[in-house]
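Structure file target.txt with compact mmCIF, C-alpha atoms:
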```txt
# COMPACT_ATOMS: atom_id res chain seq x y z
CA MET U 1 -15.67 114.76 -115.24
CA PRO U 2 -15.55 111.83 -117.71
CA LEU U 3 -12.44 109.63 -117.66
CA THR U 4 -11.33 107.99 -120.92
CA ILE U 5 -9.23 104.84 -120.61
CA LEU U 6 -7.23 103.59 -123.60
CA SER U 7 -5.80 100.08 -123.44
CA HIS U 8 -2.77 99.02 -125.46
CA GLY U 9 -4.95 97.59 -128.21
CA GLN U 10 -7.30 100.55 -128.30
CA LEU U 11 -4.48 103.10 -128.50
CA SER U 12 -2.67 101.06 -131.16
CA SER U 13 -5.84 100.92 -133.24
CA LEU U 14 -6.30 104.69 -132.90
CA LEU U 15 -2.70 105.44 -133.89
CA LEU U 16 -2.85 103.15 -136.91
CA SER U 17 -5.99 104.91 -138.12
CA LEU U 18 -4.51 108.42 -138.10
CA THR U 19 -4.49 110.33 -141.37
CA ARG U 20 -1.56 112.38 -142.59
CA ASP U 21 -3.38 115.60 -141.69
CA GLU U 22 -4.08 114.32 -138.16
CA ILE U 23 -0.43 113.33 -137.69
CA THR U 24 0.66 116.75 -138.92
CA SER U 25 -1.71 118.42 -136.43
CA LEU U 26 -0.41 116.29 -133.55
CA GLN U 27 3.14 117.12 -134.56
CA GLN U 28 2.44 120.86 -134.71
CA ASN U 29 0.90 120.83 -131.22
CA LEU U 30 3.96 119.00 -129.91
CA ALA U 31 6.26 121.48 -131.69
CA ASP U 32 4.43 124.40 -130.04
CA ALA U 33 4.86 122.77 -126.63
CA LEU U 34 8.58 122.12 -127.17
CA ARG U 35 9.06 125.72 -128.31
CA ASP U 36 7.39 126.96 -125.12
CA TYR U 37 9.48 124.48 -123.10
CA SER U 38 12.70 126.02 -124.40
CA THR U 39 11.73 129.67 -124.67
CA GLY U 40 8.63 130.25 -122.53
CA SER U 41 8.46 132.29 -119.35
CA GLN U 42 7.54 130.75 -116.00
CA GLU U 43 3.96 131.89 -116.56
CA GLN U 44 3.71 129.59 -119.60
CA GLY U 45 2.91 126.12 -118.35
CA CYS U 46 5.05 124.23 -120.89
CA ALA U 47 8.21 126.18 -119.96
CA ALA U 48 11.12 124.14 -118.62
CA SER U 49 11.05 126.07 -115.35
CA TYR U 50 7.49 124.87 -114.83
CA GLN U 51 8.25 121.15 -115.21
CA PRO U 52 8.67 118.94 -112.12
CA ARG U 53 11.71 116.70 -111.92
CA ARG U 54 11.43 113.02 -112.71
CA THR U 55 12.13 110.56 -109.92
CA ALA U 56 12.94 106.84 -109.77
CA ILE U 57 12.50 104.05 -107.25
CA THR U 58 14.54 100.85 -107.53
CA ARG U 59 13.35 97.85 -105.52
CA GLN U 60 15.45 94.95 -104.26
CA ASN U 61 14.31 92.71 -107.13
CA GLY U 62 16.00 95.08 -109.60
CA CYS U 63 12.79 96.60 -110.92
CA THR U 64 12.95 100.37 -111.35
CA THR U 65 9.86 102.57 -111.59
CA LEU U 66 10.25 105.99 -113.22
CA PHE U 67 7.83 108.82 -112.46
CA MET U 68 7.76 111.55 -115.11
CA PRO U 69 5.42 114.41 -114.15
CA ALA U 70 4.64 117.24 -116.57
CA SER U 71 2.48 120.33 -116.92
CA THR U 72 1.13 122.44 -119.77
CA GLY U 73 -0.46 125.06 -117.50
CA GLN U 74 -3.93 123.82 -118.43
CA THR U 75 -3.31 120.13 -117.76
CA ILE U 76 -0.94 118.03 -115.69
CA GLY U 77 0.13 114.45 -116.15
CA MET U 78 2.24 111.63 -114.83
CA LYS U 79 3.96 108.95 -116.87
CA MET U 80 4.98 105.83 -114.96
CA ILE U 81 7.38 103.28 -116.43
CA SER U 82 8.39 100.01 -114.79
CA LEU U 83 11.76 98.70 -116.00
CA GLN U 84 13.15 95.25 -115.23
CA ASP U 85 16.93 94.75 -115.25
CA GLY U 86 17.79 92.56 -118.22
CA ASP U 87 20.18 90.37 -116.20
CA LYS U 88 17.51 89.54 -113.62
CA ALA U 89 14.64 89.21 -116.07
CA GLY U 90 16.38 86.51 -118.07
CA CYS U 91 15.47 88.24 -121.31
CA ALA U 92 17.30 88.05 -124.62
CA THR U 93 18.97 91.44 -124.39
CA ASP U 94 22.50 92.64 -123.96
CA SER U 95 23.76 92.57 -120.38
CA GLY U 96 22.59 95.50 -118.32
CA PHE U 97 19.71 96.57 -120.56
CA GLU U 98 16.41 97.34 -118.90
CA ILE U 99 13.17 96.31 -120.53
CA PRO U 100 9.81 97.96 -119.92
CA GLU U 101 7.28 95.83 -118.02
CA GLY U 102 4.59 98.50 -118.03
CA GLU U 103 4.03 102.09 -119.12
CA ASN U 104 1.03 104.30 -118.53
CA VAL U 105 0.14 107.98 -118.57
CA THR U 106 -2.43 109.62 -116.31
CA LEU U 107 -3.83 112.99 -117.45
CA LEU U 108 -5.56 115.59 -115.26
CA ASP U 109 -7.28 118.85 -116.17
CA GLY U 110 -6.69 122.29 -114.62
CA ASP U 111 -8.84 121.38 -111.61
CA SER U 112 -6.70 118.26 -111.01
CA LEU U 113 -9.54 115.99 -112.15
CA PRO U 114 -8.44 112.95 -114.19
CA PHE U 115 -9.65 112.88 -117.79
CA GLY U 116 -7.40 110.25 -119.37
CA LEU U 117 -5.50 107.05 -118.59
CA LEU U 118 -3.40 105.57 -121.39
CA ASN U 119 -1.29 102.48 -121.79
CA ALA U 120 1.88 104.17 -123.05
CA HIS U 121 3.61 101.17 -124.63
CA GLU U 122 2.72 102.50 -128.10
CA LEU U 123 2.50 106.18 -127.13
CA THR U 124 6.20 106.44 -126.25
CA PRO U 125 7.62 105.44 -129.67
CA PHE U 126 4.89 107.38 -131.48
CA ARG U 127 5.56 110.71 -129.73
CA THR U 128 9.33 110.17 -130.03
CA ALA U 129 8.99 109.69 -133.79
CA LEU U 130 6.77 112.80 -133.95
CA ALA U 131 9.66 114.81 -132.47
CA SER U 132 12.38 113.17 -134.59
CA THR U 133 10.55 113.83 -137.83
CA MET U 134 10.13 117.55 -137.12
CA LEU U 135 13.62 118.15 -138.51
CA PHE U 136 13.17 115.38 -141.07
CA ASN U 137 10.22 117.31 -142.54
CA LYS U 138 12.51 120.27 -143.31
CA ARG U 139 15.19 118.29 -145.12
CA GLN U 140 15.60 119.01 -148.80
CA ARG U 141 16.75 115.50 -149.72
CA VAL U 142 15.51 112.31 -148.01
CA ARG U 143 15.80 109.76 -150.80
CA THR U 144 17.64 107.18 -148.68
CA VAL U 145 16.77 106.47 -145.03
CA VAL U 146 18.71 104.15 -142.71
CA VAL U 147 17.03 102.83 -139.56
CA PHE U 148 18.92 100.93 -136.84
CA GLY U 149 16.64 98.64 -134.84
CA ALA U 150 13.52 96.60 -135.54
CA GLY U 151 11.25 97.38 -132.59
CA LYS U 152 8.39 99.81 -132.04
CA GLN U 153 10.63 102.86 -132.24
CA ALA U 154 11.96 101.74 -135.61
CA TYR U 155 8.45 100.99 -136.84
CA TRP U 156 7.02 104.40 -135.94
CA HIS U 157 10.03 106.29 -137.31
CA ILE U 158 9.62 104.45 -140.61
CA ARG U 159 5.85 104.86 -140.68
CA LEU U 160 5.87 108.58 -139.88
CA ALA U 161 8.77 109.28 -142.25
CA LEU U 162 6.91 107.60 -145.12
CA THR U 163 3.55 109.11 -144.18
CA LEU U 164 5.01 112.61 -144.11
CA ARG U 165 7.58 112.39 -146.95
CA GLY U 166 6.72 109.17 -148.79
CA PRO U 167 6.94 110.49 -152.38
CA ASP U 168 10.47 111.79 -151.69
CA ILE U 169 11.81 108.52 -150.22
CA HIS U 170 13.16 105.82 -152.56
CA LYS U 171 14.98 103.40 -150.26
CA VAL U 172 14.86 102.35 -146.60
CA TYR U 173 17.57 100.21 -144.99
CA ILE U 174 16.64 98.38 -141.76
CA ILE U 175 19.80 97.36 -139.89
CA ASN U 176 19.46 95.06 -136.88
CA ARG U 177 21.46 92.43 -135.02
CA SER U 178 18.72 89.84 -135.48
CA PHE U 179 17.72 89.31 -139.11
CA GLU U 180 14.62 87.47 -137.90
CA ARG U 181 13.33 90.58 -136.11
CA ALA U 182 14.10 92.77 -139.11
CA ALA U 183 12.21 90.29 -141.29
CA GLU U 184 9.23 90.44 -138.91
CA LEU U 185 9.22 94.24 -139.16
CA LEU U 186 9.30 94.03 -142.95
CA LYS U 187 6.45 91.52 -142.90
CA ASP U 188 4.41 94.00 -140.87
CA ILE U 189 5.28 96.90 -143.17
CA TYR U 190 4.33 94.87 -146.25
CA ALA U 191 0.92 93.91 -144.83
CA ALA U 192 -1.87 94.82 -147.24
CA GLU U 193 -3.38 97.41 -144.91
CA ASN U 194 -0.11 99.40 -144.96
CA SER U 195 0.05 99.92 -148.71
CA SER U 196 -1.39 103.45 -148.47
CA TRP U 197 1.64 104.82 -146.60
CA ARG U 198 4.26 102.29 -147.73
CA GLY U 199 3.96 103.28 -151.36
CA ASP U 200 6.61 102.03 -153.78
CA VAL U 201 9.55 102.48 -151.42
CA LYS U 202 12.16 99.72 -151.61
CA PHE U 203 13.29 98.09 -148.36
CA SER U 204 16.44 96.16 -147.46
CA ALA U 205 17.04 94.27 -144.23
CA VAL U 206 20.66 93.99 -143.09
CA SER U 207 21.97 91.96 -140.14
CA SER U 208 25.31 92.27 -138.39
CA ASP U 209 25.57 88.49 -138.78
CA PHE U 210 25.96 88.84 -142.55
CA VAL U 211 29.43 87.94 -143.85
CA GLU U 212 29.56 91.14 -145.89
CA TYR U 213 28.09 93.30 -143.13
CA PRO U 214 30.94 95.88 -143.04
CA ARG U 215 30.59 96.52 -146.77
CA LEU U 216 26.79 96.69 -146.59
CA LEU U 217 26.93 99.01 -143.59
CA ASN U 218 29.44 101.29 -145.32
CA HIS U 219 27.26 101.44 -148.42
CA ALA U 220 24.07 102.22 -146.47
CA ILE U 221 25.66 105.02 -144.42
CA HIS U 222 27.30 106.49 -147.52
CA LYS U 223 23.95 106.62 -149.32
CA ALA U 224 21.95 107.79 -146.30
CA ASP U 225 20.27 111.18 -146.26
CA ALA U 226 18.73 110.48 -142.85
CA ILE U 227 19.76 108.01 -140.14
CA PHE U 228 17.43 107.01 -137.31
CA CYS U 229 19.10 105.14 -134.43
CA CYS U 230 16.41 103.31 -132.43
CA THR U 231 18.27 100.81 -130.23
CA PRO U 232 19.27 100.65 -126.53
CA SER U 233 22.88 100.06 -127.53
CA ILE U 234 25.87 100.21 -125.20
CA GLU U 235 28.33 100.58 -128.07
CA PRO U 236 28.39 102.63 -131.30
CA LEU U 237 26.27 101.27 -134.12
CA PHE U 238 28.78 102.20 -136.82
CA PRO U 239 32.39 103.49 -137.04
CA ALA U 240 32.80 107.24 -136.60
CA GLU U 241 34.91 107.59 -139.75
CA LEU U 242 31.90 106.78 -141.91
CA LEU U 243 30.71 110.31 -141.07
CA THR U 244 33.91 112.11 -140.02
CA SER U 245 36.22 111.11 -142.90
CA ARG U 246 36.71 113.35 -145.91
CA GLU U 247 34.33 111.15 -147.88
CA GLY U 248 31.80 111.11 -145.06
CA ARG U 249 31.74 114.92 -144.94
CA GLN U 250 30.86 115.28 -148.60
CA LYS U 251 27.13 115.37 -147.88
CA GLY U 252 24.94 116.64 -145.06
CA ARG U 253 22.80 114.15 -143.17
CA LEU U 254 20.17 114.20 -140.46
CA VAL U 255 21.27 111.79 -137.72
CA SER U 256 18.67 111.14 -135.02
CA ALA U 257 19.64 109.06 -131.97
CA ILE U 258 16.78 108.24 -129.62
CA GLY U 259 17.53 104.77 -128.24
CA SER U 260 20.17 105.29 -125.53
CA TYR U 261 19.06 106.85 -122.26
CA LYS U 262 21.88 106.26 -119.74
CA SER U 263 25.43 107.56 -119.49
CA HIS U 264 27.02 104.19 -120.37
CA MET U 265 24.84 103.73 -123.46
CA THR U 266 25.70 105.13 -126.87
CA GLU U 267 24.42 104.64 -130.40
CA LEU U 268 26.76 107.19 -131.97
CA HIS U 269 30.52 107.09 -131.53
CA PRO U 270 31.63 110.05 -129.36
CA ASP U 271 34.03 111.12 -132.12
CA ILE U 272 31.03 111.93 -134.33
CA LEU U 273 29.76 114.43 -131.79
CA ARG U 274 33.24 115.80 -131.02
CA ASP U 275 33.82 116.35 -134.72
CA GLU U 276 30.51 118.16 -135.04
CA VAL U 277 30.89 120.58 -132.11
CA THR U 278 34.53 121.48 -132.72
CA VAL U 279 34.04 122.58 -136.32
CA HIS U 280 33.26 126.16 -135.32
CA SER U 281 33.28 128.42 -132.29
CA SER U 282 31.21 127.27 -129.30
CA HIS U 283 29.43 130.63 -128.90
CA ARG U 284 26.11 129.98 -127.20
CA HIS U 285 23.92 131.86 -129.69
CA PHE U 286 23.31 128.89 -131.89
CA HIS U 287 22.43 130.81 -135.05
CA LYS U 288 26.16 131.54 -135.31
CA HIS U 289 26.79 127.82 -135.90
CA THR U 290 24.40 127.15 -138.73
CA LYS U 291 26.91 127.09 -141.61
CA ARG U 292 27.87 123.58 -140.56
CA SER U 293 26.29 123.22 -137.13
CA GLY U 294 28.86 123.30 -134.35
CA VAL U 295 26.06 122.10 -132.08
CA VAL U 296 24.06 119.02 -131.23
CA VAL U 297 20.27 119.40 -131.17
CA VAL U 298 18.53 117.86 -128.13
CA ASP U 299 15.00 117.73 -126.78
CA SER U 300 16.06 118.80 -123.29
CA LEU U 301 19.37 120.40 -122.33
CA ASP U 302 19.10 119.29 -118.70
CA GLY U 303 18.09 115.73 -119.62
CA ALA U 304 20.74 115.33 -122.33
CA LEU U 305 23.59 116.47 -120.09
CA LYS U 306 22.55 113.99 -117.40
CA GLU U 307 21.29 111.00 -119.37
CA ALA U 308 22.55 110.97 -122.97
CA GLY U 309 25.56 108.69 -123.21
CA GLU U 310 26.69 110.23 -126.50
CA ILE U 311 26.69 113.74 -125.03
CA ILE U 312 28.41 112.70 -121.81
CA GLN U 313 31.07 110.45 -123.36
CA ALA U 314 31.94 113.03 -126.03
CA GLY U 315 32.37 115.74 -123.40
CA VAL U 316 29.91 118.04 -125.18
CA LYS U 317 29.49 121.32 -123.28
CA PRO U 318 26.19 123.09 -122.58
CA SER U 319 27.27 125.86 -124.96
CA GLN U 320 27.53 123.27 -127.75
CA VAL U 321 23.94 122.07 -127.38
CA VAL U 322 20.71 123.65 -128.64
CA GLU U 323 17.21 122.49 -127.76
CA LEU U 324 14.83 121.55 -130.54
CA GLY U 325 12.31 124.05 -129.15
CA GLU U 326 14.84 126.87 -129.46
CA LEU U 327 15.56 125.85 -133.04
CA LEU U 328 11.83 125.88 -133.79
CA MET U 329 11.54 129.36 -132.30
CA VAL U 330 14.33 130.79 -134.47
CA ARG U 331 12.85 129.13 -137.56
CA LYS U 332 9.46 130.68 -136.79
CA GLU U 333 11.03 134.12 -136.38
CA SER U 334 12.92 133.78 -139.67
CA GLN U 335 9.71 132.78 -141.45
CA ALA U 336 8.05 135.91 -140.07
CA GLY U 337 10.20 138.08 -142.32
CA ASP U 338 13.61 138.31 -140.68
CA ASP U 339 15.42 137.22 -143.83
CA ASP U 340 18.94 138.29 -142.87
CA GLU U 341 22.11 136.28 -143.43
CA ASP U 342 21.72 134.36 -140.15
CA ALA U 343 18.20 133.29 -141.12
CA LYS U 344 19.36 132.16 -144.56
CA SER U 345 22.26 130.27 -143.02
CA LEU U 346 19.89 128.58 -140.57
CA ARG U 347 17.57 127.45 -143.35
CA GLU U 348 20.49 126.10 -145.35
CA TRP U 349 21.78 124.12 -142.38
CA VAL U 350 18.38 122.66 -141.44
CA GLN U 351 17.61 121.76 -145.05
CA ARG U 352 20.98 120.50 -146.29
CA GLY U 353 23.58 120.59 -143.52
CA ASN U 354 24.81 118.01 -141.06
CA VAL U 355 22.30 117.85 -138.18
CA ILE U 356 22.60 115.58 -135.14
CA PHE U 357 19.52 115.20 -132.93
CA LYS U 358 19.70 113.43 -129.56
CA SER U 359 16.53 112.69 -127.60
CA VAL U 360 16.12 111.29 -124.09
CA GLY U 361 12.39 112.00 -123.82
CA LEU U 362 10.21 114.38 -121.81
CA GLY U 363 7.08 113.78 -119.78
CA LEU U 364 5.73 116.91 -121.47
CA MET U 365 5.77 115.06 -124.81
CA ASP U 366 3.57 112.30 -123.39
CA LEU U 367 1.21 114.82 -121.78
CA VAL U 368 0.69 116.93 -124.91
CA THR U 369 0.35 114.08 -127.41
CA GLY U 370 -1.54 111.88 -124.96
CA GLY U 371 -4.07 114.63 -124.31
CA ASP U 372 -4.62 115.14 -128.04
CA LEU U 373 -5.12 111.41 -128.53
CA VAL U 374 -7.69 111.24 -125.71
CA ARG U 375 -9.68 113.97 -127.45
CA LEU U 376 -9.49 112.10 -130.77
CA ALA U 377 -10.54 108.86 -129.04
CA ARG U 378 -13.65 110.53 -127.62
CA GLU U 379 -14.59 111.89 -131.05
CA ARG U 380 -14.34 108.37 -132.50
CA ASN U 381 -15.87 106.56 -129.51
CA VAL U 382 -12.64 104.63 -128.97
CA GLY U 383 -11.73 103.41 -125.50
CA THR U 384 -13.69 103.09 -122.30
CA THR U 385 -15.21 106.27 -120.86
CA VAL U 386 -16.42 106.51 -117.28
CA GLU U 387 -18.85 109.43 -117.47
CA ASP U 388 -18.89 110.35 -113.77
CA PHE U 389 -15.52 109.27 -112.40
```
For the structure just supplied, provide its representation as structure tokens.
Amino acid sequence: MPLTILSHGQLSSLLLSLTRDEITSLQQNLADALRDYSTGSQEQGCAASYQPRRTAITRQNGCTTLFMPASTGQTIGMKMISLQDGDKAGCATDSGFEIPEGENVTLLDGDSLPFGLLNAHELTPFRTALASTMLFNKRQRVRTVVVFGAGKQAYWHIRLALTLRGPDIHKVYIINRSFERAAELLKDIYAAENSSWRGDVKFSAVSSDFVEYPRLLNHAIHKADAIFCCTPSIEPLFPAELLTSREGRQKGRLVSAIGSYKSHMTELHPDILRDEVTVHSSHRHFHKHTKRSGVVVVDSLDGALKEAGEIIQAGVKPSQVVELGELLMVRKESQAGDDDEDAKSLREWVQRGNVIFKSVGLGLMDLVTGGDLVRLARERNVGTTVEDF
């Protein structure tokens, strides 16, 4: 069994070379896996009941290693992430943040033979953006996009959004504490080799250090059709009333929060989520909520209830949460000809309504997308392959 090894540089090069059609194919494969995760039976390998639990080991030096196993039925994998406590690492982050020291994904086939080993530093933000833009693809209006953060997550959300919906996007706001980091991201985006996906979109970088920051923030959120929150923040990135006030409710937005991953962390003010889930009845069958939501969309119900600070702090109940995979299943069924009022209402909500998506990540996402990338790497002779491992 050959083993393909992709270093950070090799995987980055592969990802940057992907065409729109290849990205769309990767996204569809991930969507199929998430649908099986939420709705599949135990016999289907991607089903939630088939996924092992993640575990963590914290050593005395403050370094935590996360182990995220996953299975598709045909393949199994393990993602390992080493996190160093920000206080002990002496890094320039907010107190208590943890920064990744190393990430890798090991992939095995159905006979438990390894076929891939990937440095996951770039894979993690890429597969997260693949999931976030699934709903973004369905939106009717995406003229103005607001992105909080200036790291890899922000970069891949911007790149995929423009690659998939570039002609529809007119303006992108990048909002970050450090203007220097936002400027570095813009410099990267404006590099000559990125002109094919950057197009004629106008960009603005906004820092919280600006004197007129409150006014600029208010303007950006008011104009936003989609908001991507890509920071490990421990406090809300913007006031709740910007979305919950009468003025804020005048338009539907897609709000995707993927940066926070612990109960004390939150990018969205809890009042935003409380306002969303208390609009209508909390009946579990989520198609009843589609006229203006009444639910928060998550990648994993179990993970969100345990790890998503926004969900926990807002007191959102399991009956007020729907998994992205379940939403994809209902959309697929409605496209198959079930054009009743519920299906029409669902389409209207997904396309024009107020949609909040909260992601904490799944090992399954790394396994599915990582496996696809290994196959692409072999086709292009990228990486190091050990023929008889």
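Restricting the calculation to all atoms listed in the file, the smallest distance between U:Cys63 and any of U:Ile356, U:Ile81, U:Ala183, U:Leu346 is found for U:Ile81.
In terms of minimum interatomic distance to U:Lys152, U:Ser12 ranks closest within U:Gln74, U:Thr266, U:Ser38, U:Ser12, counting all atoms listed in the file.
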Within 12 Å of U:Gln44, counting only C-alpha atoms, which residues show up once you throw out same-chain ones fewer than 2 positions away? Write them as a list in words, please.
Asp32, Ala33, Leu34, Arg35, Asp36, Tyr37, Ser38, Thr39, Gly40, Ser41, Gln42, Cys46, Ala47, Ala48, Ser49, Tyr50, Gln51, Ser71, Thr72, Gly73, Gln74 and Thr75 of chain U
Take the residues from that selection and write them out as an mmCIF file, in the frame of the given file, keeping C-alpha atoms.
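Once written, selection_1.cif looks like this:
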```
data_model
loop_
_atom_site.group_PDB
_atom_site.id
_atom_site.type_symbol
_atom_site.label_atom_id
_atom_site.label_comp_id
_atom_site.auth_asym_id
_atom_site.auth_seq_id
_atom_site.Cartn_x
_atom_site.Cartn_y
_atom_site.Cartn_z
ATOM 1 C CA ASP U 32 4.430 124.400 -130.040
ATOM 2 C CA ALA U 33 4.860 122.770 -126.630
ATOM 3 C CA LEU U 34 8.580 122.120 -127.170
ATOM 4 C CA ARG U 35 9.060 125.720 -128.310
ATOM 5 C CA ASP U 36 7.390 126.960 -125.120
ATOM 6 C CA TYR U 37 9.480 124.480 -123.100
ATOM 7 C CA SER U 38 12.700 126.020 -124.400
ATOM 8 C CA THR U 39 11.730 129.670 -124.670
ATOM 9 C CA GLY U 40 8.630 130.250 -122.530
ATOM 10 C CA SER U 41 8.460 132.290 -119.350
ATOM 11 C CA GLN U 42 7.540 130.750 -116.000
ATOM 12 C CA CYS U 46 5.050 124.230 -120.890
ATOM 13 C CA ALA U 47 8.210 126.180 -119.960
ATOM 14 C CA ALA U 48 11.120 124.140 -118.620
ATOM 15 C CA SER U 49 11.050 126.070 -115.350
ATOM 16 C CA TYR U 50 7.490 124.870 -114.830
ATOM 17 C CA GLN U 51 8.250 121.150 -115.210
ATOM 18 C CA SER U 71 2.480 120.330 -116.920
ATOM 19 C CA THR U 72 1.130 122.440 -119.770
ATOM 20 C CA GLY U 73 -0.460 125.060 -117.500
ATOM 21 C CA GLN U 74 -3.930 123.820 -118.430
ATOM 22 C CA THR U 75 -3.310 120.130 -117.760
#
```
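Neighbouring residues of U:Ile23 at 9 Å or closer, counting all atoms listed in the file and skipping chain neighbours under 5 positions away, are Leu18, Gln28, Leu130, Leu160, Thr163 and Leu164 of chain U.
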Quick one: residues within 9 Å of U:Thr144, only C-alpha atoms, excluding same-chain residues fewer than 4 positions away - as a ChimeraX atom specification?
/U:169-173,220,223-227
Nearest to U:Ile234, chosen from U:Leu107, U:Ala120, U:Ala308, U:Ala161, with only C-alpha atoms counted in the distances
U:Ala308
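The space separating atom CA of U:Leu185 from atom CA of U:Val211 comes to 21.7 Å.
Each of U:Gly45, U:Pro270, U:Pro318, U:Gly77 was compared to U:Leu243 using only C-alpha atoms, and U:Pro270 turns out to be the nearest.
Distances to U:Glu387 were evaluated for U:Phe136, U:Glu22, U:Leu327, U:Phe115 using only C-alpha atoms, and the minimum falls at U:Phe115.
When only C-alpha atoms are used to measure the gap to U:Tyr261, the shortest distance among U:Arg143, U:Lys306, U:Arg177, U:Arg165 belongs to U:Lys306.
Between atom CA of U:Asn29 and atom CA of U:Val147 the interatomic distance comes to 25.6 Å.
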Close residues, U:Glu323 itself excluded, 7 Å, all atoms listed in the file, min 3 positions apart in chain, as a VMD selection string:
chain U and resid 38 297 to 301 326 to 327
Please tell me which residues are no farther than 10 Å from (20.2, 124.3, -143.6) in the file, counting all atoms listed in the file, and write them as a ChimeraX atom specification.
/U:138-140,252,290-293,343-355
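Coordinates place atom CA of U:Leu11 at a distance of 7.9 Å from atom CA of U:Gly383.
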Please, which residues are within 12 Å of (3.1, 104.4, -124.9) by the file's coordinates, counting all atoms listed in the file, and could they come as a VMD selection string?
chain U and resid 6 to 12 15 79 to 81 100 to 106 117 to 129 152 to 153 156 363 365 to 367 369 to 370 373
